[in-house]
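Chemist: Have a look at the structure that comes next, please.
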Amino acid sequence: MTIVGFHASHEQLPPSRLLEAVRHAEQAGFDAAMCSDHFEPWSVRQGHSGYAWSWLAAALEATRFSLGVVTAPGQRYHPAIAAQKIATLAEMYPGRFWAAIGSGEAINEHVTGDPWPEKGERDARLVETVDVMRRLLAGEQVSANGRIRVDRARIWSLPEAPAPLFAAAVSTETAREAAAWADGVITIDQSRDELRAFIDAYRDAGGRGPVSVQVHLSWAPTDDEARSIAHDQWRQSLVPAHLAWELETPEAFDERTAEVSAEQVAETLPVFADTARHLEHLMAIAELGVDRIYLHHVGTEQAAFIDAFGEHVLPALKEVDR
């Protein structure tokens, strides 16, 4: 069965409301949940950015399903600290927590005041970051003096089984590279051809862990409302990935997308009132062999979405033959 999860968007809801939403999602039949670890929202209109790690502990305590986070140790977090907090959650909630490691975005990492590296340097830093974290999570005492500097670090409170470390990736090149170290991979919704190529690149390079896809979508009682929600809350979807990594503030994203239309935004994600059309889109993803699909309704009101998809989408989507 395909695992269908709920994406909890810290950028759009305060942490208290997001906790209510993730409880509701579990009750409505979602199998799992995930969030992203941001310091700032993508847009001033979104208006929130709670600390993911505090919230994750509360969400794991308030639910019984698995939760994960997309995070980027290496600049905002030292990898030793990242490994310690991952180990703590995995020890407290065995088998229920995972982390996906990425190379980061300037909007979250510029806050340290350190220079934002070029993409090649970020990728090299990621390799060293993962190596340090893996060794710490295996119980080693670690010292390192490369891009990542560590002095005799050791994680004392370890879980019986380590939390999976997935790779957060978009391109086929990154998917191939991730196969060497990742316990699985998570990406965003793309065209079916692009998504098929991504999965093939990961599998052909030896990747054997689960493939997860995060799907941004907009749902409302009418198509016009769904378009309006997406235009208000998710127009940064029109910023190309190579530029989205580099912009440093929500204001910069808002300036970049100030003149885009609702119709342009609607071309970048499923925007329908009809849950059957959403189901058709999602089933096409599952049929590619995707193991987990995480749904993110880009609106700030989650309850009606959770109920509608819990009734009309999840039952059929979970039964897709992969």
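Chains: A, B, ... in order of the structure tokens. Residues: from 1 per chain. Ligands: from 1, in order shown.
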Env of Leu195 in chain A: 12 Å cut, atoms = only C-alpha atoms, seq-sep filter 4 positions within chain, self excluded. Answer as number ranges by chain.
Modeler: A: 169-172, 175, 186-191, 199-202, 211-215, 284-290
Chemist: Put those residues in a file: C-alpha atoms, as an mmCIF file, in the first residue's frame.
Modeler:
```cif
data_model
loop_
_atom_site.group_PDB
_atom_site.id
_atom_site.type_symbol
_atom_site.label_atom_id
_atom_site.label_comp_id
_atom_site.auth_asym_id
_atom_site.auth_seq_id
_atom_site.Cartn_x
_atom_site.Cartn_y
_atom_site.Cartn_z
ATOM 1 C CA ALA A 169 16.621 16.036 -3.675
ATOM 2 C CA VAL A 170 15.073 17.472 -6.834
ATOM 3 C CA SER A 171 17.391 16.646 -9.750
ATOM 4 C CA THR A 172 18.331 13.262 -11.178
ATOM 5 C CA ALA A 175 19.202 11.440 -6.721
ATOM 6 C CA ILE A 186 12.203 12.597 -0.862
ATOM 7 C CA THR A 187 11.456 14.964 -3.722
ATOM 8 C CA ILE A 188 8.730 17.336 -4.879
ATOM 9 C CA ASP A 189 6.010 16.744 -7.446
ATOM 10 C CA GLN A 190 7.271 17.086 -11.012
ATOM 11 C CA SER A 191 6.028 16.027 -14.437
ATOM 12 C CA ILE A 199 13.199 7.436 -9.454
ATOM 13 C CA ASP A 200 15.165 5.534 -12.097
ATOM 14 C CA ALA A 201 18.314 7.549 -11.333
ATOM 15 C CA TYR A 202 18.043 6.739 -7.627
ATOM 16 C CA VAL A 211 10.866 7.067 -2.507
ATOM 17 C CA SER A 212 8.680 9.861 -1.125
ATOM 18 C CA VAL A 213 7.029 12.707 -3.026
ATOM 19 C CA GLN A 214 5.718 15.913 -1.502
ATOM 20 C CA VAL A 215 2.737 17.239 -3.459
ATOM 21 C CA ALA A 284 -0.532 8.722 -11.477
ATOM 22 C CA ILE A 285 2.294 9.506 -9.040
ATOM 23 C CA ALA A 286 1.701 6.380 -6.955
ATOM 24 C CA GLU A 287 1.664 4.188 -10.054
ATOM 25 C CA LEU A 288 5.268 5.189 -10.782
ATOM 26 C CA GLY A 289 6.296 3.132 -7.765
ATOM 27 C CA VAL A 290 6.355 5.929 -5.201
#
```
Chemist: Write out as a PyMOL selection string the residues lying within 9 Å of range 266-281 of chain A, counting only C-alpha atoms and excluding same-chain residues fewer than 3 positions away.
Modeler: chain A and resi 189+215-227+230-231+235+237-238+261-263+284-285+308-309+312-314+316-317
Chemist: Can you write just those residues out, N, CA and C atoms, as an mmCIF file, in the first residue's frame?
Modeler:
```cif
data_model
loop_
_atom_site.group_PDB
_atom_site.id
_atom_site.type_symbol
_atom_site.label_atom_id
_atom_site.label_comp_id
_atom_site.auth_asym_id
_atom_site.auth_seq_id
_atom_site.Cartn_x
_atom_site.Cartn_y
_atom_site.Cartn_z
ATOM 1 N N ASP A 189 6.772 17.122 -6.266
ATOM 2 C CA ASP A 189 6.010 16.744 -7.446
ATOM 3 C C ASP A 189 6.607 17.404 -8.688
ATOM 4 N N VAL A 215 3.607 16.657 -2.444
ATOM 5 C CA VAL A 215 2.737 17.239 -3.459
ATOM 6 C C VAL A 215 2.055 18.481 -2.894
ATOM 7 N N HIS A 216 2.394 19.632 -3.441
ATOM 8 C CA HIS A 216 1.681 20.856 -3.107
ATOM 9 C C HIS A 216 0.401 20.904 -3.956
ATOM 10 N N LEU A 217 -0.709 21.259 -3.346
ATOM 11 C CA LEU A 217 -1.973 21.327 -4.067
ATOM 12 C C LEU A 217 -2.862 22.375 -3.415
ATOM 13 N N SER A 218 -3.885 22.775 -4.138
ATOM 14 C CA SER A 218 -4.858 23.708 -3.574
ATOM 15 C C SER A 218 -6.246 23.156 -3.813
ATOM 16 N N TRP A 219 -7.018 23.064 -2.730
ATOM 17 C CA TRP A 219 -8.392 22.555 -2.803
ATOM 18 C C TRP A 219 -9.318 23.537 -2.085
ATOM 19 N N ALA A 220 -10.498 23.695 -2.623
ATOM 20 C CA ALA A 220 -11.535 24.534 -2.019
ATOM 21 C C ALA A 220 -12.876 24.121 -2.623
ATOM 22 N N PRO A 221 -13.987 24.592 -2.081
ATOM 23 C CA PRO A 221 -15.296 24.222 -2.635
ATOM 24 C C PRO A 221 -15.507 24.632 -4.089
ATOM 25 N N THR A 222 -14.784 25.645 -4.561
ATOM 26 C CA THR A 222 -14.884 26.036 -5.968
ATOM 27 C C THR A 222 -13.487 26.189 -6.553
ATOM 28 N N ASP A 223 -13.402 26.043 -7.887
ATOM 29 C CA ASP A 223 -12.107 26.219 -8.550
ATOM 30 C C ASP A 223 -11.565 27.626 -8.354
ATOM 31 N N ASP A 224 -12.454 28.623 -8.392
ATOM 32 C CA ASP A 224 -12.006 30.008 -8.210
ATOM 33 C C ASP A 224 -11.376 30.210 -6.834
ATOM 34 N N GLU A 225 -11.990 29.629 -5.815
ATOM 35 C CA GLU A 225 -11.421 29.735 -4.471
ATOM 36 C C GLU A 225 -10.082 29.029 -4.388
ATOM 37 N N ALA A 226 -9.979 27.865 -5.017
ATOM 38 C CA ALA A 226 -8.715 27.127 -4.999
ATOM 39 C C ALA A 226 -7.613 27.922 -5.690
ATOM 40 N N ARG A 227 -7.939 28.567 -6.809
ATOM 41 C CA ARG A 227 -6.952 29.397 -7.512
ATOM 42 C C ARG A 227 -6.542 30.593 -6.663
ATOM 43 N N ALA A 230 -4.128 29.498 -3.878
ATOM 44 C CA ALA A 230 -2.783 29.228 -4.394
ATOM 45 C C ALA A 230 -2.064 30.529 -4.750
ATOM 46 N N HIS A 231 -2.783 31.461 -5.366
ATOM 47 C CA HIS A 231 -2.177 32.734 -5.765
ATOM 48 C C HIS A 231 -1.726 33.530 -4.550
ATOM 49 N N ARG A 235 2.668 31.458 -4.528
ATOM 50 C CA ARG A 235 3.175 31.938 -5.821
ATOM 51 C C ARG A 235 4.686 31.795 -5.946
ATOM 52 N N SER A 237 6.106 29.239 -6.043
ATOM 53 C CA SER A 237 6.307 28.058 -6.891
ATOM 54 C C SER A 237 6.783 28.430 -8.289
ATOM 55 N N LEU A 238 6.629 29.691 -8.676
ATOM 56 C CA LEU A 238 7.085 30.143 -9.987
ATOM 57 C C LEU A 238 8.559 30.564 -9.983
ATOM 58 N N SER A 261 0.068 36.090 -12.175
ATOM 59 C CA SER A 261 -1.382 35.943 -12.112
ATOM 60 C C SER A 261 -1.768 34.637 -11.425
ATOM 61 N N ALA A 262 -3.030 34.565 -11.039
ATOM 62 C CA ALA A 262 -3.544 33.327 -10.446
ATOM 63 C C ALA A 262 -3.447 32.168 -11.437
ATOM 64 N N GLU A 263 -3.659 32.464 -12.702
ATOM 65 C CA GLU A 263 -3.589 31.424 -13.732
ATOM 66 C C GLU A 263 -2.162 30.892 -13.864
ATOM 67 N N ALA A 284 -1.567 8.803 -10.439
ATOM 68 C CA ALA A 284 -0.532 8.722 -11.477
ATOM 69 C C ALA A 284 0.864 8.760 -10.856
ATOM 70 N N ILE A 285 1.020 9.485 -9.755
ATOM 71 C CA ILE A 285 2.294 9.506 -9.040
ATOM 72 C C ILE A 285 2.552 8.156 -8.375
ATOM 73 N N ALA A 308 -12.181 16.331 3.608
ATOM 74 C CA ALA A 308 -12.548 15.982 2.232
ATOM 75 C C ALA A 308 -11.622 14.929 1.654
ATOM 76 N N PHE A 309 -10.332 15.083 1.861
ATOM 77 C CA PHE A 309 -9.391 14.116 1.308
ATOM 78 C C PHE A 309 -9.404 12.813 2.102
ATOM 79 N N HIS A 312 -12.601 11.200 0.462
ATOM 80 C CA HIS A 312 -12.730 10.994 -0.981
ATOM 81 C C HIS A 312 -11.436 10.629 -1.705
ATOM 82 N N VAL A 313 -10.289 10.811 -1.083
ATOM 83 C CA VAL A 313 -9.018 10.606 -1.775
ATOM 84 C C VAL A 313 -8.205 9.473 -1.151
ATOM 85 N N LEU A 314 -8.022 9.509 0.144
ATOM 86 C CA LEU A 314 -7.111 8.562 0.789
ATOM 87 C C LEU A 314 -7.471 7.099 0.579
ATOM 88 N N ALA A 316 -8.859 5.356 -1.831
ATOM 89 C CA ALA A 316 -8.480 4.820 -3.146
ATOM 90 C C ALA A 316 -6.977 4.950 -3.378
ATOM 91 N N LEU A 317 -6.366 6.046 -2.927
ATOM 92 C CA LEU A 317 -4.952 6.279 -3.171
ATOM 93 C C LEU A 317 -4.091 5.243 -2.453
#
```
Chemist: Do a neighbour search on Leu19 in chain A at 8 Å with only C-alpha atoms, toss out local chain neighbours closer than 4 positions, and write the hits as a tab-separated table (two decimals) with N, CA and C atoms, in the first residue's frame.
Modeler:
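selection12.tsv, written as the output of this step:
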```tsv
chain	number	residue	atom	x	y	z
A	15	PRO	N	2.39	27.28	15.34
A	15	PRO	CA	2.62	25.90	15.78
A	15	PRO	C	1.43	25.27	16.50
A	23	ARG	N	-3.05	16.29	14.44
A	23	ARG	CA	-3.93	15.38	15.17
A	23	ARG	C	-5.15	15.03	14.32
A	55	TRP	N	8.31	21.61	17.85
A	55	TRP	CA	6.99	21.15	17.42
A	55	TRP	C	6.98	19.64	17.18
A	58	ALA	N	6.31	17.66	20.30
A	58	ALA	CA	4.90	17.75	20.69
A	58	ALA	C	4.02	16.92	19.76
A	59	ALA	N	4.30	16.97	18.46
A	59	ALA	CA	3.48	16.23	17.50
A	59	ALA	C	3.65	14.73	17.64
```
Chemist: Run DSSP on the backbone of this structure and report the residues of range 182-225 of chain A it assigns to alpha helix (DSSP H), as a list in words.
Modeler: Arg192, Asp193, Glu194, Leu195, Arg196, Ala197, Phe198, Ile199, Asp200, Ala201, Tyr202, Arg203, Asp204, Asp223, Asp224 and Glu225 of chain A
Chemist: Select, from A:Ala32, A:Leu56, A:Val70, A:Ile81, the residue with the minimum atom-to-atom distance to Ala167 in chain A, counting only C-alpha atoms.
Modeler: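 Of the candidates, the smallest distance to Ala167 in chain A is held by A:Val70.
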